[in-house]
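Note: the block below is input25.txt and it holds compact mmCIF, C-alpha atoms.
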# COMPACT_ATOMS: atom_id res chain seq x y z
CA MET A 731 -37.31 -9.61 -20.24
CA PRO A 732 -35.19 -12.04 -22.26
CA SER A 733 -31.44 -12.25 -22.53
CA VAL A 734 -30.05 -8.76 -22.40
CA LEU A 735 -26.36 -9.43 -22.06
CA PRO A 736 -24.33 -9.07 -25.23
CA ILE A 737 -23.55 -12.67 -25.85
CA HIS A 738 -20.12 -12.07 -27.31
CA SER A 739 -18.94 -10.37 -24.15
CA LEU A 740 -19.61 -13.25 -21.80
CA HIS A 741 -16.51 -14.79 -20.34
CA SER A 742 -16.25 -18.19 -18.78
CA ASP A 743 -14.01 -19.82 -16.27
CA HIS A 744 -14.49 -23.17 -17.87
CA PRO A 745 -11.35 -24.63 -19.43
CA LEU A 746 -12.69 -25.96 -22.70
CA VAL A 747 -13.25 -22.44 -23.88
CA SER A 748 -10.63 -20.46 -25.67
CA GLU A 749 -11.03 -17.55 -23.32
CA ASN A 750 -11.34 -14.14 -24.79
CA SER A 751 -8.28 -12.39 -23.47
CA SER A 752 -8.55 -9.67 -26.09
CA MET A 753 -11.47 -8.21 -24.14
CA PRO A 754 -9.73 -4.90 -23.41
CA ASP A 755 -9.48 -4.07 -27.09
CA GLN A 756 -12.96 -5.08 -28.06
CA SER A 757 -15.58 -2.59 -28.97
CA ILE A 758 -18.76 -4.19 -27.78
CA LYS A 759 -22.06 -2.79 -28.85
CA SER A 760 -25.62 -3.65 -28.11
CA THR A 761 -28.88 -1.90 -28.81
CA ASN A 762 -30.35 -2.24 -25.35
CA ILE A 763 -27.44 -1.20 -23.17
CA THR A 764 -25.02 1.66 -22.96
CA ALA A 765 -21.64 1.06 -24.53
CA VAL A 766 -19.70 -1.63 -22.74
CA GLU A 767 -16.45 -0.32 -21.31
CA SER A 768 -13.24 -2.26 -21.56
CA ARG A 769 -11.34 -3.76 -18.68
CA VAL A 770 -9.33 -1.20 -16.71
CA THR A 771 -5.83 -1.47 -18.11
CA LEU A 772 -2.47 -1.19 -16.43
CA GLN A 773 -1.97 2.00 -18.42
CA ASP A 774 -5.14 3.47 -16.86
CA ARG A 775 -3.73 2.63 -13.46
CA ILE A 776 -0.31 4.08 -14.24
CA GLU A 777 -1.91 7.32 -15.36
CA ARG A 778 -3.67 7.56 -12.04
CA SER A 779 -0.82 6.52 -9.74
CA GLY A 780 2.04 8.01 -11.70
CA HIS A 781 4.20 4.89 -11.62
CA SER A 782 4.37 1.48 -13.23
CA GLY A 783 3.82 -1.83 -11.47
CA GLY A 784 6.28 -4.61 -10.92
CA VAL A 785 7.80 -7.15 -8.59
CA LEU A 786 10.85 -6.68 -6.39
CA TRP A 787 11.81 -10.24 -5.62
CA PHE A 788 13.98 -10.41 -2.49
CA THR A 789 15.95 -13.64 -2.21
CA GLY A 790 18.46 -14.54 0.47
CA LEU A 791 19.26 -16.78 3.39
CA SER A 792 17.22 -16.90 6.56
CA GLY A 793 18.54 -14.03 8.65
CA SER A 794 19.83 -12.02 5.69
CA GLY A 795 17.26 -9.32 6.43
CA LYS A 796 14.72 -9.81 3.62
CA SER A 797 11.56 -9.23 5.62
CA THR A 798 12.99 -6.38 7.63
CA LEU A 799 14.13 -4.60 4.50
CA ALA A 800 10.85 -5.39 2.74
CA ILE A 801 8.81 -3.78 5.50
CA GLU A 802 11.15 -0.80 5.75
CA LEU A 803 11.18 -0.29 2.01
CA GLU A 804 7.40 -0.61 1.83
CA ARG A 805 7.07 2.16 4.40
CA ARG A 806 9.59 4.35 2.61
CA LEU A 807 7.93 3.89 -0.78
CA PHE A 808 4.42 4.28 0.64
CA ASN A 809 5.42 7.55 2.27
CA ASN A 810 6.79 8.64 -1.10
CA GLY A 811 3.41 8.03 -2.71
CA TYR A 812 3.89 4.63 -4.30
CA ASN A 813 1.33 1.85 -4.33
CA VAL A 814 3.34 -0.88 -2.65
CA PHE A 815 2.61 -4.16 -0.89
CA VAL A 816 4.74 -6.81 0.80
CA LEU A 817 4.26 -10.51 0.25
CA ASP A 818 6.14 -12.54 2.83
CA GLY A 819 5.84 -15.57 5.05
CA ASP A 820 3.47 -13.74 7.35
CA ASN A 821 0.73 -13.21 4.82
CA VAL A 822 1.38 -16.10 2.41
CA ARG A 823 2.40 -19.15 4.41
CA HIS A 824 -0.69 -18.97 6.63
CA GLY A 825 -3.03 -18.36 3.70
CA LEU A 826 -2.39 -19.03 0.04
CA SER A 827 0.31 -21.61 0.76
CA SER A 828 -1.07 -23.03 3.99
CA ASN A 829 -1.44 -26.42 2.30
CA LEU A 830 2.25 -26.58 1.37
CA GLY A 831 5.24 -27.79 3.34
CA PHE A 832 8.96 -27.27 2.82
CA SER A 833 9.95 -30.13 0.57
CA PRO A 834 11.66 -29.07 -2.66
CA GLU A 835 8.38 -29.70 -4.56
CA ASP A 836 6.32 -27.68 -2.11
CA ARG A 837 8.84 -24.85 -2.08
CA THR A 838 8.67 -24.77 -5.87
CA GLU A 839 4.88 -24.63 -5.83
CA ASN A 840 4.96 -21.98 -3.10
CA ILE A 841 7.25 -19.77 -5.17
CA ARG A 842 5.17 -20.43 -8.29
CA ARG A 843 2.01 -19.22 -6.55
CA ILE A 844 3.73 -16.16 -5.15
CA GLY A 845 5.11 -15.36 -8.59
CA GLU A 846 1.59 -15.47 -10.01
CA VAL A 847 0.15 -13.37 -7.22
CA GLY A 848 2.99 -10.91 -7.68
CA SER A 849 2.06 -10.68 -11.34
CA LEU A 850 -1.59 -9.96 -10.45
CA PHE A 851 -0.54 -7.18 -8.09
CA ALA A 852 1.83 -5.77 -10.69
CA ASN A 853 -1.05 -5.74 -13.17
CA ALA A 854 -3.07 -3.86 -10.59
CA GLY A 855 -0.33 -1.21 -10.65
CA PHE A 856 1.45 -2.17 -7.46
CA ILE A 857 5.11 -2.46 -6.70
CA VAL A 858 5.14 -5.80 -4.92
CA ILE A 859 7.98 -6.67 -2.58
CA ALA A 860 8.16 -10.45 -2.32
CA ALA A 861 10.47 -11.53 0.51
CA PHE A 862 11.17 -15.26 0.48
CA ILE A 863 14.29 -17.36 0.82
CA SER A 864 13.39 -18.84 -2.61
CA PRO A 865 16.58 -20.89 -2.74
CA TYR A 866 16.28 -22.26 -6.28
CA GLN A 867 17.23 -20.20 -9.32
CA GLU A 868 14.84 -22.18 -11.50
CA ASP A 869 11.91 -21.23 -9.25
CA ARG A 870 12.88 -17.56 -9.30
CA ASP A 871 13.19 -17.69 -13.07
CA ARG A 872 9.67 -19.06 -13.27
CA ALA A 873 8.43 -16.24 -11.04
CA ARG A 874 10.14 -13.85 -13.43
CA GLU A 875 8.33 -15.41 -16.37
CA ALA A 876 4.99 -14.79 -14.66
CA SER A 877 5.67 -11.06 -14.41
CA GLY A 878 7.82 -10.38 -17.46
CA GLU A 879 9.64 -7.06 -17.71
CA GLY A 880 8.41 -5.78 -14.38
CA PHE A 881 10.36 -8.40 -12.44
CA HIS A 882 13.45 -7.39 -10.48
CA GLU A 883 15.51 -10.01 -8.71
CA ILE A 884 17.08 -8.46 -5.62
CA TYR A 885 19.76 -10.40 -3.84
CA VAL A 886 19.74 -9.71 -0.11
CA LYS A 887 23.29 -10.80 0.49
CA ALA A 888 24.79 -11.88 3.77
CA ALA A 889 27.32 -14.60 4.49
CA LEU A 890 25.97 -17.77 6.04
CA SER A 891 28.26 -17.28 9.01
CA LEU A 892 26.79 -13.81 9.55
CA CYS A 893 23.21 -15.05 9.25
CA GLU A 894 24.04 -17.85 11.63
CA SER A 895 25.55 -15.43 14.12
CA ARG A 896 22.40 -13.30 13.98
CA ASP A 897 20.13 -16.35 14.32
CA PRO A 898 17.31 -14.30 15.84
CA LYS A 899 15.08 -17.23 16.64
CA GLY A 900 17.61 -19.92 17.19
CA LEU A 901 16.71 -21.56 13.88
CA TYR A 902 20.26 -22.17 12.78
CA GLN A 903 21.03 -23.71 16.16
CA LYS A 904 18.07 -26.02 15.79
CA ALA A 905 19.02 -26.83 12.22
CA ARG A 906 22.58 -27.66 13.29
CA ARG A 907 21.14 -30.02 15.90
CA GLY A 908 19.05 -31.63 13.14
CA GLU A 909 15.77 -30.47 14.66
CA ILE A 910 14.69 -28.62 11.51
CA PRO A 911 14.85 -30.68 8.33
CA GLU A 912 15.73 -29.14 4.98
CA PHE A 913 16.91 -25.85 6.42
CA THR A 914 18.35 -23.63 3.71
CA GLY A 915 22.09 -23.13 4.05
CA ILE A 916 22.49 -26.02 6.51
CA SER A 917 20.69 -29.08 5.20
CA ALA A 918 19.19 -27.71 2.00
CA PRO A 919 20.89 -25.74 -0.77
CA TYR A 920 20.78 -22.02 -1.42
CA GLU A 921 21.50 -20.96 -4.98
CA ALA A 922 22.62 -17.34 -4.98
CA PRO A 923 21.36 -15.35 -8.00
CA ASP A 924 23.68 -15.39 -11.01
CA THR A 925 22.61 -12.06 -12.42
CA PRO A 926 20.32 -10.22 -10.02
CA GLU A 927 19.07 -6.80 -11.06
CA PHE A 928 20.31 -5.45 -7.76
CA THR A 929 22.26 -6.65 -4.75
CA VAL A 930 22.06 -5.24 -1.26
CA ASP A 931 24.77 -6.48 1.09
CA THR A 932 23.45 -6.39 4.63
CA GLY A 933 26.83 -7.39 5.96
CA GLU A 934 28.14 -4.06 4.66
CA LEU A 935 25.18 -1.70 4.96
CA ASP A 936 22.92 -1.03 7.90
CA ILE A 937 19.16 -1.04 7.44
CA ASP A 938 18.80 2.63 6.74
CA LYS A 939 21.51 2.63 4.09
CA SER A 940 20.15 -0.59 2.61
CA VAL A 941 16.66 0.87 2.31
CA THR A 942 18.01 4.06 0.80
CA ALA A 943 19.92 2.06 -1.79
CA LEU A 944 16.81 0.06 -2.61
CA ALA A 945 14.59 3.15 -2.79
CA GLU A 946 17.08 4.73 -5.20
CA TYR A 947 17.00 1.61 -7.30
CA VAL A 948 13.19 1.76 -7.38
CA ALA A 949 13.21 5.46 -8.27
CA GLY A 950 15.48 4.67 -11.20
CA SER A 951 13.48 1.64 -12.33
CA PHE A 952 9.86 2.70 -11.88
CA ILE A 953 8.97 5.95 -13.54
CA GLN A 954 7.04 8.09 -11.11
CA GLN A 955 5.24 11.14 -12.37
CA ARG A 956 3.38 13.52 -10.15
CA ASN A 957 -0.10 14.11 -11.46
CA MET B 888 30.98 -4.28 9.69
CA PRO B 889 29.37 -7.06 11.66
CA SER B 890 25.67 -7.84 12.05
CA VAL B 891 23.75 -4.59 11.93
CA LEU B 892 20.19 -5.83 11.64
CA PRO B 893 18.15 -5.77 14.84
CA ILE B 894 17.91 -9.45 15.46
CA HIS B 895 14.47 -9.30 17.00
CA SER B 896 12.97 -7.81 13.84
CA LEU B 897 14.00 -10.60 11.50
CA HIS B 898 11.15 -12.60 10.13
CA SER B 899 11.32 -16.04 8.65
CA ASP B 900 9.32 -17.99 6.17
CA HIS B 901 10.30 -21.23 7.79
CA PRO B 902 7.43 -23.14 9.37
CA LEU B 903 8.92 -24.25 12.63
CA VAL B 904 8.97 -20.69 13.78
CA SER B 905 6.12 -19.04 15.56
CA GLU B 906 6.11 -16.15 13.17
CA ASN B 907 5.98 -12.71 14.60
CA SER B 908 2.72 -11.37 13.25
CA SER B 909 2.63 -8.63 15.84
CA MET B 910 5.34 -6.81 13.88
CA PRO B 911 3.16 -3.79 13.09
CA ASP B 912 2.75 -2.96 16.76
CA GLN B 913 6.33 -3.50 17.77
CA SER B 914 8.54 -0.67 18.70
CA ILE B 915 11.92 -1.79 17.51
CA LYS B 916 15.00 0.03 18.60
CA SER B 917 18.63 -0.32 17.84
CA THR B 918 21.61 1.87 18.46
CA ASN B 919 23.07 1.70 14.98
CA ILE B 920 20.02 2.25 12.81
CA THR B 921 17.21 4.73 12.54
CA ALA B 922 13.91 3.70 14.12
CA VAL B 923 12.35 0.77 12.33
CA GLU B 924 8.97 1.64 10.86
CA SER B 925 6.02 -0.69 11.13
CA ARG B 926 4.37 -2.46 8.26
CA VAL B 927 2.04 -0.23 6.27
CA THR B 928 -1.39 -0.96 7.67
CA LEU B 929 -4.75 -1.19 6.00
CA GLN B 930 -5.71 1.93 7.92
CA ASP B 931 -2.79 3.79 6.35
CA ARG B 932 -4.06 2.73 2.94
CA ILE B 933 -7.65 3.69 3.72
CA GLU B 934 -6.51 7.13 4.79
CA ARG B 935 -4.82 7.58 1.45
CA SER B 936 -7.50 6.11 -0.83
CA GLY B 937 -10.55 7.20 1.13
CA HIS B 938 -12.23 3.82 1.10
CA SER B 939 -11.91 0.45 2.76
CA GLY B 940 -10.90 -2.77 1.05
CA GLY B 941 -12.93 -5.90 0.55
CA VAL B 942 -14.06 -8.67 -1.75
CA LEU B 943 -17.16 -8.66 -3.95
CA TRP B 944 -17.59 -12.34 -4.67
CA PHE B 945 -19.70 -12.87 -7.80
CA THR B 946 -21.19 -16.35 -8.02
CA GLY B 947 -23.56 -17.64 -10.69
CA LEU B 948 -24.02 -20.01 -13.58
CA SER B 949 -21.98 -19.88 -16.74
CA GLY B 950 -23.69 -17.25 -18.88
CA SER B 951 -25.24 -15.42 -15.94
CA GLY B 952 -23.09 -12.39 -16.72
CA LYS B 953 -20.53 -12.49 -13.92
CA SER B 954 -17.47 -11.47 -15.92
CA THR B 955 -19.29 -8.88 -17.98
CA LEU B 956 -20.69 -7.24 -14.87
CA ALA B 957 -17.33 -7.52 -13.11
CA ILE B 958 -15.53 -5.67 -15.88
CA GLU B 959 -18.26 -3.06 -16.19
CA LEU B 960 -18.38 -2.50 -12.45
CA GLU B 961 -14.59 -2.29 -12.26
CA ARG B 962 -14.66 0.48 -14.88
CA ARG B 963 -17.47 2.30 -13.12
CA LEU B 964 -15.76 2.13 -9.73
CA PHE B 965 -12.34 3.01 -11.15
CA ASN B 966 -13.80 6.07 -12.84
CA ASN B 967 -15.34 7.00 -9.49
CA GLY B 968 -11.90 6.92 -7.87
CA TYR B 969 -11.90 3.51 -6.22
CA ASN B 970 -8.95 1.12 -6.16
CA VAL B 971 -10.54 -1.90 -7.79
CA PHE B 972 -9.35 -5.08 -9.50
CA VAL B 973 -11.07 -8.03 -11.15
CA LEU B 974 -10.07 -11.62 -10.55
CA ASP B 975 -11.64 -13.93 -13.10
CA GLY B 976 -10.91 -16.92 -15.26
CA ASP B 977 -8.82 -14.82 -17.61
CA ASN B 978 -6.19 -13.86 -15.07
CA VAL B 979 -6.42 -16.78 -12.63
CA ARG B 980 -7.00 -19.96 -14.57
CA HIS B 981 -3.96 -19.38 -16.79
CA GLY B 982 -1.74 -18.40 -13.89
CA LEU B 983 -2.28 -19.09 -10.21
CA SER B 984 -4.58 -22.05 -10.88
CA SER B 985 -3.01 -23.31 -14.09
CA ASN B 986 -2.17 -26.58 -12.35
CA LEU B 987 -5.80 -27.25 -11.41
CA GLY B 988 -8.61 -28.90 -13.36
CA PHE B 989 -12.35 -28.91 -12.82
CA SER B 990 -12.92 -31.85 -10.52
CA PRO B 991 -14.75 -30.99 -7.31
CA GLU B 992 -11.42 -31.13 -5.42
CA ASP B 993 -9.68 -28.86 -7.90
CA ARG B 994 -12.58 -26.42 -7.96
CA THR B 995 -12.41 -26.27 -4.19
CA GLU B 996 -8.68 -25.59 -4.24
CA ASN B 997 -9.13 -23.00 -7.00
CA ILE B 998 -11.72 -21.12 -4.97
CA ARG B 999 -9.58 -21.44 -1.84
CA ARG B 1000 -6.61 -19.82 -3.60
CA ILE B 1001 -8.76 -17.04 -5.05
CA GLY B 1002 -10.22 -16.40 -1.62
CA GLU B 1003 -6.73 -16.00 -0.20
CA VAL B 1004 -5.60 -13.74 -3.04
CA GLY B 1005 -8.76 -11.70 -2.61
CA SER B 1006 -7.88 -11.29 1.04
CA LEU B 1007 -4.38 -10.08 0.15
CA PHE B 1008 -5.80 -7.49 -2.26
CA ALA B 1009 -8.36 -6.41 0.33
CA ASN B 1010 -5.52 -5.95 2.81
CA ALA B 1011 -3.78 -3.83 0.21
CA GLY B 1012 -6.87 -1.58 0.23
CA PHE B 1013 -8.49 -2.83 -2.96
CA ILE B 1014 -12.07 -3.66 -3.72
CA VAL B 1015 -11.61 -7.00 -5.45
CA ILE B 1016 -14.30 -8.30 -7.77
CA ALA B 1017 -13.94 -12.08 -7.97
CA ALA B 1018 -16.07 -13.52 -10.78
CA PHE B 1019 -16.23 -17.30 -10.69
CA ILE B 1020 -19.01 -19.83 -10.98
CA SER B 1021 -17.91 -21.10 -7.53
CA PRO B 1022 -20.78 -23.60 -7.38
CA TYR B 1023 -20.31 -24.86 -3.82
CA GLN B 1024 -21.54 -22.91 -0.80
CA GLU B 1025 -18.89 -24.49 1.40
CA ASP B 1026 -16.13 -23.17 -0.85
CA ARG B 1027 -17.61 -19.69 -0.87
CA ASP B 1028 -17.91 -19.80 2.90
CA ARG B 1029 -14.24 -20.63 3.12
CA ALA B 1030 -13.40 -17.71 0.85
CA ARG B 1031 -15.43 -15.55 3.21
CA GLU B 1032 -13.41 -16.80 6.16
CA ALA B 1033 -10.20 -15.73 4.44
CA SER B 1034 -11.42 -12.14 4.13
CA GLY B 1035 -13.66 -11.72 7.15
CA GLU B 1036 -15.92 -8.69 7.36
CA GLY B 1037 -14.88 -7.30 4.02
CA PHE B 1038 -16.43 -10.21 2.12
CA HIS B 1039 -19.63 -9.66 0.14
CA GLU B 1040 -21.30 -12.59 -1.58
CA ILE B 1041 -23.05 -11.32 -4.69
CA TYR B 1042 -25.43 -13.67 -6.44
CA VAL B 1043 -25.50 -13.02 -10.19
CA LYS B 1044 -28.85 -14.62 -10.76
CA ALA B 1045 -30.20 -15.96 -14.02
CA ALA B 1046 -32.31 -19.03 -14.70
CA LEU B 1047 -30.49 -22.00 -16.18
CA SER B 1048 -32.86 -21.87 -19.16
CA LEU B 1049 -31.90 -18.25 -19.77
CA CYS B 1050 -28.16 -18.96 -19.44
CA GLU B 1051 -28.58 -21.88 -21.79
CA SER B 1052 -30.44 -19.75 -24.31
CA ARG B 1053 -27.61 -17.18 -24.21
CA ASP B 1054 -24.92 -19.89 -24.50
CA PRO B 1055 -22.42 -17.46 -26.05
CA LYS B 1056 -19.79 -20.04 -26.80
CA GLY B 1057 -21.91 -23.09 -27.30
CA LEU B 1058 -20.78 -24.53 -23.97
CA TYR B 1059 -24.21 -25.62 -22.87
CA GLN B 1060 -24.76 -27.31 -26.21
CA LYS B 1061 -21.49 -29.17 -25.81
CA ALA B 1062 -22.31 -30.05 -22.23
CA ARG B 1063 -25.72 -31.40 -23.29
CA ARG B 1064 -23.95 -33.57 -25.85
CA GLY B 1065 -21.67 -34.84 -23.08
CA GLU B 1066 -18.58 -33.23 -24.61
CA ILE B 1067 -17.77 -31.20 -21.49
CA PRO B 1068 -17.65 -33.21 -18.30
CA GLU B 1069 -18.74 -31.75 -14.97
CA PHE B 1070 -20.38 -28.69 -16.44
CA THR B 1071 -22.14 -26.67 -13.78
CA GLY B 1072 -25.91 -26.72 -14.12
CA ILE B 1073 -25.88 -29.67 -16.53
CA SER B 1074 -23.67 -32.42 -15.19
CA ALA B 1075 -22.39 -30.79 -12.00
CA PRO B 1076 -24.35 -29.05 -9.26
CA TYR B 1077 -24.77 -25.34 -8.66
CA GLU B 1078 -25.63 -24.33 -5.13
CA ALA B 1079 -27.25 -20.90 -5.19
CA PRO B 1080 -26.32 -18.71 -2.21
CA ASP B 1081 -28.59 -19.03 0.80
CA THR B 1082 -28.02 -15.57 2.18
CA PRO B 1083 -26.01 -13.46 -0.26
CA GLU B 1084 -25.26 -9.88 0.74
CA PHE B 1085 -26.69 -8.77 -2.61
CA THR B 1086 -28.44 -10.29 -5.60
CA VAL B 1087 -28.44 -8.91 -9.10
CA ASP B 1088 -30.93 -10.57 -11.43
CA THR B 1089 -29.63 -10.34 -14.98
CA GLY B 1090 -32.85 -11.84 -16.28
CA GLU B 1091 -34.62 -8.72 -15.04
CA LEU B 1092 -32.04 -5.96 -15.37
CA ASP B 1093 -29.87 -5.03 -18.35
CA ILE B 1094 -26.15 -4.49 -17.88
CA ASP B 1095 -26.33 -0.78 -17.22
CA LYS B 1096 -29.03 -1.13 -14.57
CA SER B 1097 -27.22 -4.12 -13.05
CA VAL B 1098 -23.97 -2.16 -12.78
CA THR B 1099 -25.77 0.83 -11.31
CA ALA B 1100 -27.38 -1.38 -8.69
CA LEU B 1101 -24.00 -2.89 -7.85
CA ALA B 1102 -22.27 0.49 -7.72
CA GLU B 1103 -24.94 1.72 -5.33
CA TYR B 1104 -24.41 -1.32 -3.17
CA VAL B 1105 -20.68 -0.62 -3.10
CA ALA B 1106 -21.23 3.04 -2.27
CA GLY B 1107 -23.37 1.98 0.67
CA SER B 1108 -20.96 -0.70 1.85
CA PHE B 1109 -17.52 0.85 1.39
CA ILE B 1110 -17.11 4.21 3.00
CA GLN B 1111 -15.51 6.57 0.52
CA GLN B 1112 -14.14 9.86 1.74
CA ARG B 1113 -12.63 12.45 -0.51
CA ASN B 1114 -9.30 13.55 0.80
Just give me the structure as structure tokens.
Amino acid sequence: MPSVLPIHSLHSDHPLVSENSSMPDQSIKSTNITAVESRVTLQDRIERSGHSGGVLWFTGLSGSGKSTLAIELERRLFNNGYNVFVLDGDNVRHGLSSNLGFSPEDRTENIRRIGEVGSLFANAGFIVIAAFISPYQEDRDRAREASGEGFHEIYVKAALSLCESRDPKGLYQKARRGEIPEFTGISAPYEAPDTPEFTVDTGELDIDKSVTALAEYVAGSFIQQRN
Amino acid sequence: MPSVLPIHSLHSDHPLVSENSSMPDQSIKSTNITAVESRVTLQDRIERSGHSGGVLWFTGLSGSGKSTLAIELERRLFNNGYNVFVLDGDNVRHGLSSNLGFSPEDRTENIRRIGEVGSLFANAGFIVIAAFISPYQEDRDRAREASGEGFHEIYVKAALSLCESRDPKGLYQKARRGEIPEFTGISAPYEAPDTPEFTVDTGELDIDKSVTALAEYVAGSFIQQRN
């Protein structure tokens, strides 16, 4: 049997091709196959899950509570029926970004990759909670560009002195002794967000109240309809 | 109010920390907060969706039909209630891998990143269909390592002569004229899988039959329970 694939529907991952990103809207016909369906759209996914996708980008100092709140919020949202997933150091730094260090350039590339992965998850209908120090505004802005409207910058706010007093793993102590180079807040800069969509102050609120505030923000920002 | 976060639950994305990846199993207590929940597990997600997550890795020559079959299979599986998402040149090469070219090194890094992203999606409970030429066995093996048991290498098989006769975008013609460097099958190698989990021969089967064969493979490989 000769070529049976509709030739105008073949994609390529080669760069010298102007890739056909209008695929979802195409009506592809062929005489020897059943009608070719379009790519599953975000709208299809929203209709199934009842809520839109997007990225909650948690930024803050080491010790501000980003990962703790991310995991708590994930559980809260999951229990409330959302499709939700956490990206954090645990599942990114050992995998996707395992070939990156902590120089400014590598941090930038790390955040760029996470922004792109966040966008993929958002397009799959997920609420992604990305919990990374992400000290540079420019990097966070680029992550926002990758996701567009569905991006929410969340400032997990805590004074450096508070984070340093928490110092759960003695990192600040080590950084003060010069044993950790380029440690955010000590020997590398942290640029607090200028205009975050939401701020949660973990110096003022305990975890439960913080998560409740975040869950209310999500409920107001991501339409959820029960099917 | 002073520090209210349980200090032993704080994660870090800094490298000099032995990161606490046993978080899900920890029982964290504190006097001033409600009990800290664990990270949502893959098992939690399986119980909700009714099926396990994993990666269907489509490899084959340009023009073999990878992307077409990926999009068709995604639609078929989605309509059957699966959580499914396609990773292909359209959504990866312009984003996550936009800073990579097509040298052997860059192809390797591209496939490495996709393998890691596939693993993240699989951990989020998705069946990921990754459709990339991915010409090197070593690279595909590394992608397998990232996902473990949930990885399925699917060989989208079609003779070079057939792919070249399809040549939907004139790529093979250009490659033959030397206008596209390092084109797989012409001026760069393609290593067919030695022991793929499944082979679909698009020289023998039309799209509909190919998708049906793939959907049956998925049904046999990913337990799906109706809740």
TODO: Skip Thr925 in chain A itself and residues of its chain fewer than 3 positions away, then list as a ChimeraX atom specification all residues within 12 Å of it, counting only C-alpha atoms.
DONE: /A:867,870-871,882-885,921-922,928-929
Open item on the list: Restricting the calculation to only C-alpha atoms: of A:Glu894, A:Val816, A:Arg872, A:Asn821, which residue gets closest to Glu839 in chain A?
Closed with: A:Arg872
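Using only C-alpha atoms, the smallest distance between any of A:Gly950, A:Gly878, A:Pro919, A:Gly795 and chain B comes from A:Gly795.
With distances taken over all atoms listed in the file, A:Ile859 is the one residue among A:Ala905, A:Ile844, A:Ala854, A:Ile859 lying closest to Leu803 in chain A.
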As an mmCIF file with C-alpha atoms, in the frame of the given file, please: the residues near Gly941 in chain B (cut-off 10 Å, only C-alpha atoms, same-chain neighbours under 2 positions excluded).
data_model
loop_
_atom_site.group_PDB
_atom_site.id
_atom_site.type_symbol
_atom_site.label_atom_id
_atom_site.label_comp_id
_atom_site.auth_asym_id
_atom_site.auth_seq_id
_atom_site.Cartn_x
_atom_site.Cartn_y
_atom_site.Cartn_z
ATOM 1 C CA HIS B 938 -12.230 3.820 1.100
ATOM 2 C CA SER B 939 -11.910 0.450 2.760
ATOM 3 C CA LEU B 943 -17.160 -8.660 -3.950
ATOM 4 C CA TRP B 944 -17.590 -12.340 -4.670
ATOM 5 C CA VAL B 971 -10.540 -1.900 -7.790
ATOM 6 C CA GLY B 1005 -8.760 -11.700 -2.610
ATOM 7 C CA SER B 1006 -7.880 -11.290 1.040
ATOM 8 C CA LEU B 1007 -4.380 -10.080 0.150
ATOM 9 C CA PHE B 1008 -5.800 -7.490 -2.260
ATOM 10 C CA ALA B 1009 -8.360 -6.410 0.330
ATOM 11 C CA ASN B 1010 -5.520 -5.950 2.810
ATOM 12 C CA ALA B 1011 -3.780 -3.830 0.210
ATOM 13 C CA GLY B 1012 -6.870 -1.580 0.230
ATOM 14 C CA PHE B 1013 -8.490 -2.830 -2.960
ATOM 15 C CA ILE B 1014 -12.070 -3.660 -3.720
ATOM 16 C CA VAL B 1015 -11.610 -7.000 -5.450
ATOM 17 C CA ILE B 1016 -14.300 -8.300 -7.770
ATOM 18 C CA SER B 1034 -11.420 -12.140 4.130
ATOM 19 C CA GLY B 1035 -13.660 -11.720 7.150
ATOM 20 C CA GLU B 1036 -15.920 -8.690 7.360
ATOM 21 C CA GLY B 1037 -14.880 -7.300 4.020
ATOM 22 C CA PHE B 1038 -16.430 -10.210 2.120
ATOM 23 C CA HIS B 1039 -19.630 -9.660 0.140
ATOM 24 C CA SER B 1108 -20.960 -0.700 1.850
ATOM 25 C CA PHE B 1109 -17.520 0.850 1.390
#
Task: Distance query Leu807 in chain A at most 9 Å, only C-alpha atoms, self and fewer than 6 positions along chain excluded, as a ChimeraX atom specification - done: /A:813-814,945,948
Go ahead and save the picked residues with C-alpha atoms, as a PDB file, keeping the file's coordinate frame.
ATOM      1  CA  ASN A 813       1.330   1.850  -4.330  1.00  0.00           C
ATOM      2  CA  VAL A 814       3.340  -0.880  -2.650  1.00  0.00           C
ATOM      3  CA  ALA A 945      14.590   3.150  -2.790  1.00  0.00           C
ATOM      4  CA  VAL A 948      13.190   1.760  -7.380  1.00  0.00           C
TER       5      VAL A 948
END
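CA of Lys953 in chain B to CA of Leu1101 in chain B spans 11.9 Å [interatomic distance, one decimal].
One distance worth recording is that between CA of Ala889 in chain A and CA of Tyr866 in chain A, which is 17.2 Å.
Among the candidate residues A:Gly915, A:Pro865, A:Gly825, A:Gly908, the one lying nearest to chain B is A:Gly825, with distances computed using all atoms listed in the file.
Among the candidate residues A:Arg806, A:Arg843, A:Lys904, A:Arg778, the one lying nearest to chain B is A:Arg843, with distances computed using only C-alpha atoms.
For Arg994 in chain B, the list of residues within 8 Å, based on only C-alpha atoms and with local chain neighbours fewer than 6 positions off taken out, reads B:Leu987, B:Gly988, B:Ser1021.
From CA of Thr789 in chain A back to CA of Asn829 in chain A, the distance works out to 22.0 Å.
Closest approach to chain B among A:Phe832, A:Tyr920, A:Tyr902, A:Tyr947: A:Phe832, based on all atoms listed in the file.
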- [ ] Find the residues around Ala888 in chain A up to 7 Å (all atoms listed in the file counted), leave out those fewer than 2 positions away in its own chain, and share them as a list in words.
- [x] Ser794, Val886, Leu890, Leu892, Cys893, Asp931, Thr932 and Gly933 of chain A
Quick one: axis-aligned box around all listed atoms of range 989-999 of chain B, 6 Å on every side, centre and edge lengths in Å to one decimal, written as AutoDock Vina command-line options.
--center_x -11.7 --center_y -26.5 --center_z -7.3 --size_x 18.1 --size_y 22.7 --size_z 23.0
